[in-house]
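Here's the structure, in structure tokens; my notes come after.
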Amino acid sequence: MVAFCLTLANSFMPVAGTDIAAEVDTFYAFLLWASLVSFIILIGGMVWFLVIYKRTEENQKSAYITHNNLAEFLWSFIPLVILLVIFYWGWVLFAKLRTPPEVVSEEIHITAMQWAWEYKYKNGKTINSLSKEPLNVPVGKPVKIILTSKDVLHSFYIPAFRIKQDAVPGRFTEVWFEAKEKGNYVVFCTEYCGTSHSNMMIRVNVMDPEEYVAWYHGEEKVGEESLADKGKKLYLNKACASCHSLDGSRIVGPTFQGLYGKNREFETGAAVAADENYLKESILQSTAKIVKGYPAAMPIYQGQLDDDEIEALIEFIKSNK
Amino acid sequence: MSHVASTTSTTNYLNHHKGIMSWVYTLDHKRIGIMYFVTVMTMFLIGGIFALGIRLHLAKFGAEAFITADTYNKFMTYHGAIMVFMVIVPGIPAFLGNFFLPIQIGAKDVAFPRLNLASYYLFLIGMAISLTSLFYNKVDTGWTFYTPYSTLSTSNGVIFLVLGVFVMGFSSILTGLNFFVTTHKMRAPGMGMDKIPLFVWALYSTAIIQILATPVLAITLFLLIAEKTLGVGIFDPALGGDPVLFQHFFWFYSHPAVYIMILPAMGIISELITTFSKKTIFGYRAIAYSSVAIAAVSFLVWGHHMFVSGQSTLAGVIFSFITMLVGVPTAIKLFNWIATMHKGTVSFESPMLFALGFMFLFTIGGLTGVFLAASGLDIHFHDTYFVVAHFHYVMVGGTLMALMGGIFYWFPKMFGKNISDTLGRYSWVFIFTGFNVTFFPQFILGQFGMPRRYFDYLPEYTSLNQISTVGSWLIGIGFLIGLYAVIKGLVSGTQAADNPWGGKTLEWQTSSPPPHENFDKTPVITAGPYDYR
């Protein structure tokens with residue numbers, strides 16, 4: 001019975017491609033049935049009153065009732081309780097959808113632009129969606145997408161996985177999923193971005209892990225070097241190495257060893273985890289946040305590094321575990 | 001509710017002064033209300049034509065698209081901007097509110113009649129500036145003007161559109177201010193705040209939002225224009241700005257604005273249901289205070305438009321929580337209206353049909369709002385047709401249904417002529433049916449995942465889109481019948497009685513149409529507004 005109600009409620013949902021998508025559908029089914037019951041109580045009650053209290057003669061008298069404290073309390077309090085339950089359930093799913101596992105199998109940088117997506121894998125494989133190639137990912141493994149945009153807002157939406165995240169120029173956002181079955185799933189852009197907004201449609205191709213690995217290491221489309229290697233070159237050429245060590249020792253600035261994800265405390269007393277957005281800001285605007293105990297000695301790199309280079313540097317820092 | 005000597009005078013506000021200049025310079029709130037009526041309905045017609053164009057394109061009858069993607073985006077932008085800023089926001093308050101708020105509290109006029117006229121002209125000027133943008137290409141930002149798309153756009157038309165909205169915002173602020181002061185200072189002797197009609201309570205709550213929230217829109221739009229014309233970096237990351245900041249600012253106004261659009265409609269529904277049930281409103285205080293509660297909470301929920309914008313998970317959770325709270329005062333109102341019909345004597349003239357249509361559609365709109373407030377589920381539905389369907393159920397199924405009900409209800413009072421009830425019923429049947437045919441399929445499209453603002457879509461969405469388009473024609477026919485009814489009533493309506501519906505509020509105690517200063521003798525209030533004992 002419950003299963004039947006679930007199926008019925010979800011008849012118009014796209015196929016659930018992840019475990020969390022299935023949980024979202026259960027929640028949706030609950031909401032749909034609860035709404036249906038509420039609707040029948042409200043509108044059914046109204047129609048019933050309309051039938052039995054229809055005016056039959058011109059000078060008919062109505063009852064004089066101004067209020068009823070108990071009824072009013074009940075129809076305020078009961079909806080409140082139901083709404084709080086819905087809120088809590090929504091919160092649990094929201095947190096799951098937005099919190100990637102500690103260890104993810106793949107991290108893919110995706111840059112949105114008018115009107116295409118560029119996927120960049122860690123080994124430097126870079127594909128533009130205008131080539132009509134799908135976004136290849138392995139089945140059964142958590143995949144994290146690090147999003148940004150070159151121009152205006154875009155949004156990365158996979159209906160089958162019930163996930164969506166805006167791509168914002170100038171900052172990184174992330175979204176993750178773990179596809180449970182092989183197949184092709186559609187990806188839409190869901191933030192209005194101009195003329196060809198509706199043409200930014202691509203496919204996620206969920207593959208066997210072995211097949212994926214073979215594709216990943218295949219010759220085709222591999223860049224000259226991995227993102228981290230490219231970052232290492234920049235680390236040496238742009239003089240990062242003169243102040244930031246890779247072995248934990250202190251030169252002038254904090255070491256890069258184990259930096260990514262670590263909690264940073266600042267001169268101001270505030271603290272933040274060193275994620276992509278923090279690293280980007282610190283490279284471009286070093287004075288924005290000064291780590292406690294270090295001098296504000298780093299030059300500003302704003303305008304000297306392009307977005308690809310910053311991405312590579314961040315990947316390099318991440319690789320120094 | 002009061003004792004007013006029956007009117008003997010033969011002059012009324014329509015023939016008190018004559019000639020076109022007597023309208024241009026009028027300070028009479030009733031005439032200003034009528035001027036808004038004409039203006040808003042004209043804009044509604046234009047906004048509606050854009051809507052029909054959008055739907056016609058999306059039906060994809062035939063192989064060739066009849067408009068290009070850029071034209072489609074322009075249609076989508078103007079449909080939204082016109083309907084929001086030039087129809088629904090001013091619609092009920094500036095038209096019916098202007099006409100009836102002073103009469104319902106027994107006043108001769110609003111507190112600042114000159115300011116009232118100035119608001120109207122500001123609205124006209126803003127409208128003209130906005131519509132100038134029609135002559136430019138690529139005005140395709142959507143009514144939300146999201147940055148950096150709007151600032152990167154090479155079209156100067158965007159500046160005109162935004163500047164016009166900026167000016168219209170001041171019209172809205174000043175009208176709100178006028179109503180706020182009028183409600184506090186101009187009530188007839190004996191009319192405490194616990195005796196004002198619920199339509200006035202709704203307009204009063206709306207006025208608070210207009211005064212407090214609209215300046216934020218003005219600042220936001222000003223910053224947008226400053227960035228676009230002078231290159232001041234506020235929202236564009238290339239200039240050191242933050243595009244998400246624009247969304248915070250914009251929704252800080254535009255979410256409360258949703259309640260600017262729906263609260264006055266709720267006020268009309270309270271009036272219609274009591275009058276046509278011939279019964280005292282159930283829970284007067286609960287309805288009145290829930291309006292104020294909705295107004296207050298509305299300022300704290302803007303972030304629910306931004307669950308996937310890049311704001312933090314914690315912020316999303318907090319906004320989801322506060323948004324859920326809005327459901328309570330809304331539910332209270334629905335329950336109270338239904339309880340008012342209980343043991344009443346209900347009749348079904350066309351205004352009541354619109355009120356019942358409101359109840360049906362608004363309940364669906366409200367319940368689907370809960371789906372979207374639930375953060376985990378909103379990630380899937382955000383920016384899909386589910387959202388489009390939801391807010392049309394609230395804005396059209398709610399606000400426009402109530403506006404139509406209000407027009408048919410108060411037409412005899414405003415013009416002293418009867419409007420055809422039969423035509424009203426036909427209009428209702430077409431609008432109500434057409435509305436559901438148009439927008440219900442869009443909930444399903446949203447579940448499939450079809451994003452909004454799409455020029456093109458996957459082939460599997462075609463049949464639902466075609467059903468939706470057919471529905472839009474029914475809505476069009478319904479509103480045209482309504483327009484015909486209004487014109488016919490004006491031209492050849494029979495003389496209306498002073499109180500054709502047996503209403504208890506003050507506007508029914510004066511003549512139809514009301515005299516120049518509303519009442520021959522200032523009414524003295526001794527009982528509540530809906531005393532059907």
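Identifiers in this document derive from the order of the structure tokens: chains are assigned A, B, ..., residues are numbered from 1 separately in each chain, and ligands are numbered from 1 in order of occurrence.
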Let's see if you can do this: from backbone DSSP, list all strand (DSSP E or B) residues in segment 121-170 of chain A, as a tab-separated table (two decimals) with all heavy atoms, in the first residue's frame.
```tsv
chain	number	residue	atom	x	y	z
A	126	THR	N	40.70	18.02	-20.90
A	126	THR	CA	39.78	19.16	-20.93
A	126	THR	C	38.85	19.01	-22.13
A	126	THR	O	39.31	18.82	-23.25
A	126	THR	CB	40.57	20.47	-21.04
A	126	THR	OG1	41.47	20.53	-19.93
A	126	THR	CG2	39.64	21.67	-20.99
A	127	ILE	N	37.56	19.08	-21.86
A	127	ILE	CA	36.59	18.86	-22.92
A	127	ILE	C	35.58	19.99	-22.91
A	127	ILE	O	35.06	20.36	-21.85
A	127	ILE	CB	35.85	17.51	-22.72
A	127	ILE	CG1	36.85	16.37	-22.80
A	127	ILE	CG2	34.74	17.34	-23.75
A	127	ILE	CD1	36.32	15.07	-22.26
A	128	ASN	N	35.29	20.54	-24.06
A	128	ASN	CA	34.24	21.54	-24.16
A	128	ASN	C	32.98	20.86	-24.68
A	128	ASN	O	33.03	20.07	-25.61
A	128	ASN	CB	34.68	22.66	-25.12
A	128	ASN	CG	33.70	23.82	-25.07
A	128	ASN	OD1	32.52	23.67	-25.39
A	128	ASN	ND2	34.18	24.97	-24.65
A	135	LEU	N	29.68	14.19	-20.28
A	135	LEU	CA	30.51	14.28	-19.08
A	135	LEU	C	30.64	12.86	-18.52
A	135	LEU	O	29.69	12.31	-17.98
A	135	LEU	CB	29.81	15.19	-18.07
A	135	LEU	CG	30.40	15.30	-16.67
A	135	LEU	CD1	31.78	15.95	-16.71
A	135	LEU	CD2	29.49	16.10	-15.76
A	136	ASN	N	31.81	12.26	-18.68
A	136	ASN	CA	32.00	10.88	-18.24
A	136	ASN	C	32.31	10.80	-16.75
A	136	ASN	O	33.17	11.53	-16.25
A	136	ASN	CB	33.14	10.23	-19.02
A	136	ASN	CG	32.75	9.96	-20.45
A	136	ASN	OD1	31.58	9.75	-20.76
A	136	ASN	ND2	33.73	9.97	-21.34
A	137	VAL	N	31.60	9.92	-16.06
A	137	VAL	CA	31.86	9.69	-14.63
A	137	VAL	C	31.70	8.20	-14.36
A	137	VAL	O	30.99	7.51	-15.08
A	137	VAL	CB	30.89	10.48	-13.72
A	137	VAL	CG1	31.07	11.97	-13.89
A	137	VAL	CG2	29.45	10.08	-13.97
A	138	PRO	N	32.35	7.70	-13.29
A	138	PRO	CA	32.21	6.28	-12.95
A	138	PRO	C	30.94	6.02	-12.14
A	138	PRO	O	30.48	6.88	-11.41
A	138	PRO	CB	33.45	6.00	-12.11
A	138	PRO	CG	33.81	7.30	-11.50
A	138	PRO	CD	33.35	8.37	-12.44
A	143	VAL	N	31.31	11.58	-6.85
A	143	VAL	CA	31.95	12.51	-7.78
A	143	VAL	C	31.64	13.93	-7.31
A	143	VAL	O	30.49	14.25	-7.02
A	143	VAL	CB	31.39	12.32	-9.21
A	143	VAL	CG1	31.95	13.37	-10.15
A	143	VAL	CG2	31.68	10.92	-9.71
A	144	LYS	N	32.68	14.74	-7.21
A	144	LYS	CA	32.47	16.13	-6.81
A	144	LYS	C	32.74	17.03	-8.01
A	144	LYS	O	33.74	16.88	-8.69
A	144	LYS	CB	33.40	16.49	-5.66
A	144	LYS	CG	33.15	17.87	-5.07
A	144	LYS	CD	33.79	17.98	-3.71
A	144	LYS	CE	34.87	19.05	-3.71
A	144	LYS	NZ	35.54	19.16	-2.41
A	145	ILE	N	31.81	17.96	-8.24
A	145	ILE	CA	31.96	18.90	-9.33
A	145	ILE	C	32.29	20.26	-8.72
A	145	ILE	O	31.56	20.73	-7.85
A	145	ILE	CB	30.66	19.04	-10.14
A	145	ILE	CG1	30.10	17.69	-10.55
A	145	ILE	CG2	30.83	19.99	-11.31
A	145	ILE	CD1	30.63	17.11	-11.79
A	146	ILE	N	33.38	20.85	-9.14
A	146	ILE	CA	33.72	22.20	-8.67
A	146	ILE	C	33.37	23.16	-9.79
A	146	ILE	O	33.95	23.10	-10.87
A	146	ILE	CB	35.20	22.29	-8.27
A	146	ILE	CG1	35.49	21.28	-7.17
A	146	ILE	CG2	35.53	23.70	-7.80
A	146	ILE	CD1	36.95	21.06	-6.92
A	147	LEU	N	32.40	24.03	-9.49
A	147	LEU	CA	31.82	24.87	-10.55
A	147	LEU	C	32.31	26.30	-10.48
A	147	LEU	O	32.47	26.86	-9.39
A	147	LEU	CB	30.31	24.93	-10.37
A	147	LEU	CG	29.44	23.77	-10.83
A	147	LEU	CD1	28.05	23.95	-10.21
A	147	LEU	CD2	29.35	23.74	-12.33
A	148	THR	N	32.49	26.88	-11.64
A	148	THR	CA	32.62	28.33	-11.69
A	148	THR	C	32.12	28.77	-13.06
A	148	THR	O	31.75	27.94	-13.88
A	148	THR	CB	34.06	28.80	-11.41
A	148	THR	OG1	34.05	30.22	-11.26
A	148	THR	CG2	35.00	28.43	-12.55
A	149	SER	N	32.10	30.08	-13.27
A	149	SER	CA	31.59	30.56	-14.54
A	149	SER	C	32.54	31.60	-15.11
A	149	SER	O	33.19	32.34	-14.37
A	149	SER	CB	30.21	31.18	-14.36
A	149	SER	OG	29.87	31.94	-15.50
A	154	HIS	N	25.18	30.71	-14.30
A	154	HIS	CA	24.58	29.53	-14.91
A	154	HIS	C	24.22	28.61	-13.75
A	154	HIS	O	24.53	28.90	-12.61
A	154	HIS	CB	25.58	28.82	-15.83
A	154	HIS	CG	26.08	29.67	-16.96
A	154	HIS	ND1	25.46	29.75	-18.17
A	154	HIS	CD2	27.16	30.49	-17.04
A	154	HIS	CE1	26.12	30.57	-18.96
A	154	HIS	NE2	27.16	31.05	-18.29
A	155	SER	N	23.52	27.52	-14.06
A	155	SER	CA	23.22	26.59	-12.98
A	155	SER	C	23.29	25.17	-13.53
A	155	SER	O	22.80	24.91	-14.63
A	155	SER	CB	21.85	26.89	-12.38
A	155	SER	OG	21.71	26.19	-11.17
A	156	PHE	N	23.91	24.30	-12.77
A	156	PHE	CA	24.18	22.93	-13.20
A	156	PHE	C	23.13	22.03	-12.57
A	156	PHE	O	23.07	21.88	-11.35
A	156	PHE	CB	25.59	22.56	-12.73
A	156	PHE	CG	26.06	21.20	-13.16
A	156	PHE	CD1	26.62	21.02	-14.42
A	156	PHE	CD2	25.99	20.12	-12.30
A	156	PHE	CE1	27.08	19.77	-14.80
A	156	PHE	CE2	26.45	18.87	-12.68
A	156	PHE	CZ	27.00	18.69	-13.94
A	157	TYR	N	22.27	21.46	-13.41
A	157	TYR	CA	21.10	20.74	-12.89
A	157	TYR	C	21.00	19.36	-13.53
A	157	TYR	O	20.92	19.24	-14.75
A	157	TYR	CB	19.86	21.57	-13.22
A	157	TYR	CG	18.51	20.94	-12.91
A	157	TYR	CD1	18.32	20.12	-11.79
A	157	TYR	CD2	17.41	21.19	-13.73
A	157	TYR	CE1	17.07	19.58	-11.53
A	157	TYR	CE2	16.16	20.65	-13.46
A	157	TYR	CZ	16.00	19.83	-12.35
A	157	TYR	OH	14.76	19.30	-12.08
A	158	ILE	N	21.02	18.33	-12.69
A	158	ILE	CA	20.78	16.97	-13.19
A	158	ILE	C	19.48	16.48	-12.57
A	158	ILE	O	19.45	16.08	-11.41
A	158	ILE	CB	21.93	16.01	-12.81
A	158	ILE	CG1	23.29	16.59	-13.24
A	158	ILE	CG2	21.72	14.64	-13.47
A	158	ILE	CD1	24.47	15.73	-12.87
A	163	ILE	N	19.83	17.21	-8.14
A	163	ILE	CA	20.83	18.18	-7.68
A	163	ILE	C	20.88	19.38	-8.60
A	163	ILE	O	20.57	19.28	-9.79
A	163	ILE	CB	22.25	17.58	-7.58
A	163	ILE	CG1	22.66	16.98	-8.92
A	163	ILE	CG2	22.34	16.57	-6.46
A	163	ILE	CD1	24.14	16.76	-9.04
A	164	LYS	N	21.26	20.49	-8.02
A	164	LYS	CA	21.32	21.73	-8.79
A	164	LYS	C	22.24	22.67	-8.03
A	164	LYS	O	22.21	22.72	-6.80
A	164	LYS	CB	19.92	22.33	-8.86
A	164	LYS	CG	19.80	23.55	-9.74
A	164	LYS	CD	18.36	24.04	-9.76
A	164	LYS	CE	17.46	23.11	-10.55
A	164	LYS	NZ	16.14	22.96	-9.95
A	165	GLN	N	23.08	23.38	-8.76
A	165	GLN	CA	23.95	24.36	-8.12
A	165	GLN	C	24.29	25.45	-9.12
A	165	GLN	O	24.64	25.16	-10.25
A	165	GLN	CB	25.23	23.69	-7.60
A	165	GLN	CG	26.22	24.64	-6.97
A	165	GLN	CD	25.65	25.37	-5.77
A	165	GLN	OE1	25.14	24.75	-4.84
A	165	GLN	NE2	25.71	26.69	-5.79
A	166	ASP	N	24.19	26.71	-8.68
A	166	ASP	CA	24.56	27.80	-9.56
A	166	ASP	C	26.07	27.85	-9.76
A	166	ASP	O	26.84	27.59	-8.83
A	166	ASP	CB	24.12	29.14	-8.95
A	166	ASP	CG	22.62	29.38	-9.10
A	166	ASP	OD1	21.93	28.45	-9.56
A	166	ASP	OD2	22.16	30.48	-8.76
A	167	ALA	N	26.47	28.21	-10.97
A	167	ALA	CA	27.87	28.50	-11.27
A	167	ALA	C	28.01	30.01	-11.25
A	167	ALA	O	27.33	30.70	-12.00
A	167	ALA	CB	28.25	27.94	-12.63
A	169	PRO	N	30.32	33.48	-11.44
A	169	PRO	CA	31.63	34.00	-11.85
A	169	PRO	C	32.39	34.55	-10.64
A	169	PRO	O	31.78	35.17	-9.76
A	169	PRO	CB	31.28	35.12	-12.83
A	169	PRO	CG	29.85	35.46	-12.56
A	169	PRO	CD	29.21	34.21	-12.05
```
Residues of chain A within 6 Å of chain B, only C-alpha atoms counted, as a ChimeraX atom specification: /A:12-14,46,49,53-55,62-64,66-67,76,80,83,87,90,93-94,152,159,162-166,170,190,195,198
Near-Pro529 of chain B list (10 Å; only C-alpha atoms; drop same-chain fewer than 5 positions) as an mmCIF file with N, CA and C atoms, in the first residue's frame:
```cif
data_model
loop_
_atom_site.group_PDB
_atom_site.id
_atom_site.type_symbol
_atom_site.label_atom_id
_atom_site.label_comp_id
_atom_site.auth_asym_id
_atom_site.auth_seq_id
_atom_site.Cartn_x
_atom_site.Cartn_y
_atom_site.Cartn_z
ATOM 1 N N MET B 1 -23.984 48.867 10.260
ATOM 2 C CA MET B 1 -22.939 49.213 11.209
ATOM 3 C C MET B 1 -23.041 50.662 11.636
ATOM 4 N N SER B 2 -23.778 51.446 10.874
ATOM 5 C CA SER B 2 -23.853 52.851 11.243
ATOM 6 C C SER B 2 -25.133 53.435 10.672
ATOM 7 N N GLN B 104 -14.343 53.182 3.198
ATOM 8 C CA GLN B 104 -14.583 52.136 4.200
ATOM 9 C C GLN B 104 -14.282 52.597 5.624
ATOM 10 N N ILE B 105 -13.438 53.629 5.771
ATOM 11 C CA ILE B 105 -13.201 54.118 7.131
ATOM 12 C C ILE B 105 -13.978 55.414 7.385
ATOM 13 N N MET B 191 -14.741 54.628 15.097
ATOM 14 C CA MET B 191 -14.128 53.489 14.425
ATOM 15 C C MET B 191 -12.728 53.242 14.981
ATOM 16 N N ASP B 194 -10.080 48.147 15.897
ATOM 17 C CA ASP B 194 -10.740 46.841 15.915
ATOM 18 C C ASP B 194 -12.077 46.865 15.174
ATOM 19 N N LYS B 195 -12.381 47.999 14.521
ATOM 20 C CA LYS B 195 -13.635 48.061 13.781
ATOM 21 C C LYS B 195 -13.428 48.380 12.308
ATOM 22 N N ILE B 196 -12.180 48.472 11.876
ATOM 23 C CA ILE B 196 -11.980 48.773 10.455
ATOM 24 C C ILE B 196 -12.188 47.498 9.637
ATOM 25 N N PRO B 197 -12.708 47.637 8.425
ATOM 26 C CA PRO B 197 -12.932 46.451 7.590
ATOM 27 C C PRO B 197 -11.614 45.722 7.278
ATOM 28 N N LEU B 198 -11.728 44.431 6.988
ATOM 29 C CA LEU B 198 -10.521 43.632 6.787
ATOM 30 C C LEU B 198 -9.783 43.998 5.498
ATOM 31 N N GLU B 271 -13.957 40.471 2.415
ATOM 32 C CA GLU B 271 -15.172 41.241 2.171
ATOM 33 C C GLU B 271 -16.218 40.400 1.428
ATOM 34 N N THR B 280 -21.335 37.377 9.895
ATOM 35 C CA THR B 280 -20.183 38.028 10.510
ATOM 36 C C THR B 280 -18.924 37.230 10.211
ATOM 37 N N ILE B 281 -17.843 37.931 9.916
ATOM 38 C CA ILE B 281 -16.595 37.220 9.627
ATOM 39 C C ILE B 281 -16.177 36.408 10.851
ATOM 40 N N TYR B 284 -12.311 37.767 13.319
ATOM 41 C CA TYR B 284 -11.864 39.061 12.788
ATOM 42 C C TYR B 284 -10.426 39.368 13.183
ATOM 43 N N GLY B 503 -24.354 44.551 1.678
ATOM 44 C CA GLY B 503 -23.090 44.682 2.406
ATOM 45 C C GLY B 503 -23.236 45.546 3.647
ATOM 46 N N LYS B 504 -22.345 45.363 4.611
ATOM 47 C CA LYS B 504 -22.453 46.110 5.866
ATOM 48 C C LYS B 504 -21.405 47.203 6.004
ATOM 49 N N THR B 505 -20.337 47.147 5.213
ATOM 50 C CA THR B 505 -19.284 48.143 5.368
ATOM 51 C C THR B 505 -19.765 49.492 4.825
ATOM 52 N N LEU B 506 -19.026 50.548 5.165
ATOM 53 C CA LEU B 506 -19.526 51.909 4.939
ATOM 54 C C LEU B 506 -19.796 52.279 3.491
#
```
Near Gly261 of chain A, within 10 Å and counting only C-alpha atoms, which residues show up once chain neighbours fewer than 2 positions away are dropped, as a PyMOL selection string? chain A and resi 258-259+263-264+272-276+278+318+321
If you count only C-alpha atoms, which residues fall within 10 Å of Lys413 of chain B, apart from same-chain ones fewer than 6 positions away, as a PyMOL selection string? chain B and resi 100+407+496-500+507-508+510-514
Atomic separation - atom CA of Pro256 of chain B relative to atom CA of Lys30 of chain B, Å: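 Going from atom CA of Lys30 of chain B over to atom CA of Pro256 of chain B, I get 27.1 Å.
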At a cut-off of 9 Å, using only C-alpha atoms, what residues contact segment 485-494 of chain B? Leave out same-chain residues fewer than 5 positions from it and give the result as number ranges by chain. B: 407-408, 411-412, 415-421, 423-424, 427, 480
Keeping N, CA and C atoms for every residue in the selection just given, could you write it to a file as an mmCIF file, in the first residue's frame?
```
data_model
loop_
_atom_site.group_PDB
_atom_site.id
_atom_site.type_symbol
_atom_site.label_atom_id
_atom_site.label_comp_id
_atom_site.auth_asym_id
_atom_site.auth_seq_id
_atom_site.Cartn_x
_atom_site.Cartn_y
_atom_site.Cartn_z
ATOM 1 N N ILE B 407 -13.797 43.757 -8.808
ATOM 2 C CA ILE B 407 -14.377 44.607 -9.857
ATOM 3 C C ILE B 407 -15.886 44.344 -9.975
ATOM 4 N N PHE B 408 -16.277 43.073 -10.029
ATOM 5 C CA PHE B 408 -17.703 42.763 -10.169
ATOM 6 C C PHE B 408 -18.492 43.151 -8.920
ATOM 7 N N PHE B 411 -18.332 47.274 -8.808
ATOM 8 C CA PHE B 411 -18.676 48.020 -10.020
ATOM 9 C C PHE B 411 -19.922 48.894 -9.840
ATOM 10 N N PRO B 412 -21.022 48.338 -9.291
ATOM 11 C CA PRO B 412 -22.236 49.164 -9.123
ATOM 12 C C PRO B 412 -21.965 50.387 -8.246
ATOM 13 N N PHE B 415 -19.539 53.017 -10.332
ATOM 14 C CA PHE B 415 -20.086 53.711 -11.502
ATOM 15 C C PHE B 415 -21.587 53.955 -11.418
ATOM 16 N N GLY B 416 -22.217 53.450 -10.375
ATOM 17 C CA GLY B 416 -23.655 53.658 -10.241
ATOM 18 C C GLY B 416 -24.468 52.880 -11.254
ATOM 19 N N LYS B 417 -23.822 51.913 -11.902
ATOM 20 C CA LYS B 417 -24.520 51.117 -12.900
ATOM 21 C C LYS B 417 -24.299 49.645 -12.612
ATOM 22 N N ASN B 418 -25.279 48.842 -12.986
ATOM 23 C CA ASN B 418 -25.133 47.412 -12.763
ATOM 24 C C ASN B 418 -24.282 46.784 -13.853
ATOM 25 N N ILE B 419 -23.533 45.746 -13.464
ATOM 26 C CA ILE B 419 -22.729 44.997 -14.422
ATOM 27 C C ILE B 419 -23.380 43.626 -14.569
ATOM 28 N N SER B 420 -23.342 43.092 -15.767
ATOM 29 C CA SER B 420 -24.051 41.837 -16.034
ATOM 30 C C SER B 420 -23.487 40.676 -15.229
ATOM 31 N N ASP B 421 -24.344 40.082 -14.410
ATOM 32 C CA ASP B 421 -23.917 38.940 -13.611
ATOM 33 C C ASP B 421 -23.672 37.726 -14.506
ATOM 34 N N LEU B 423 -22.585 37.687 -17.651
ATOM 35 C CA LEU B 423 -21.265 37.797 -18.278
ATOM 36 C C LEU B 423 -20.168 37.500 -17.251
ATOM 37 N N GLY B 424 -20.378 37.946 -16.019
ATOM 38 C CA GLY B 424 -19.422 37.661 -14.952
ATOM 39 C C GLY B 424 -19.230 36.171 -14.767
ATOM 40 N N SER B 427 -17.285 34.770 -17.717
ATOM 41 C CA SER B 427 -15.894 35.162 -17.550
ATOM 42 C C SER B 427 -15.221 34.239 -16.538
ATOM 43 N N LEU B 480 -11.361 38.662 -21.793
ATOM 44 C CA LEU B 480 -12.048 39.502 -22.790
ATOM 45 C C LEU B 480 -13.532 39.612 -22.463
#
```
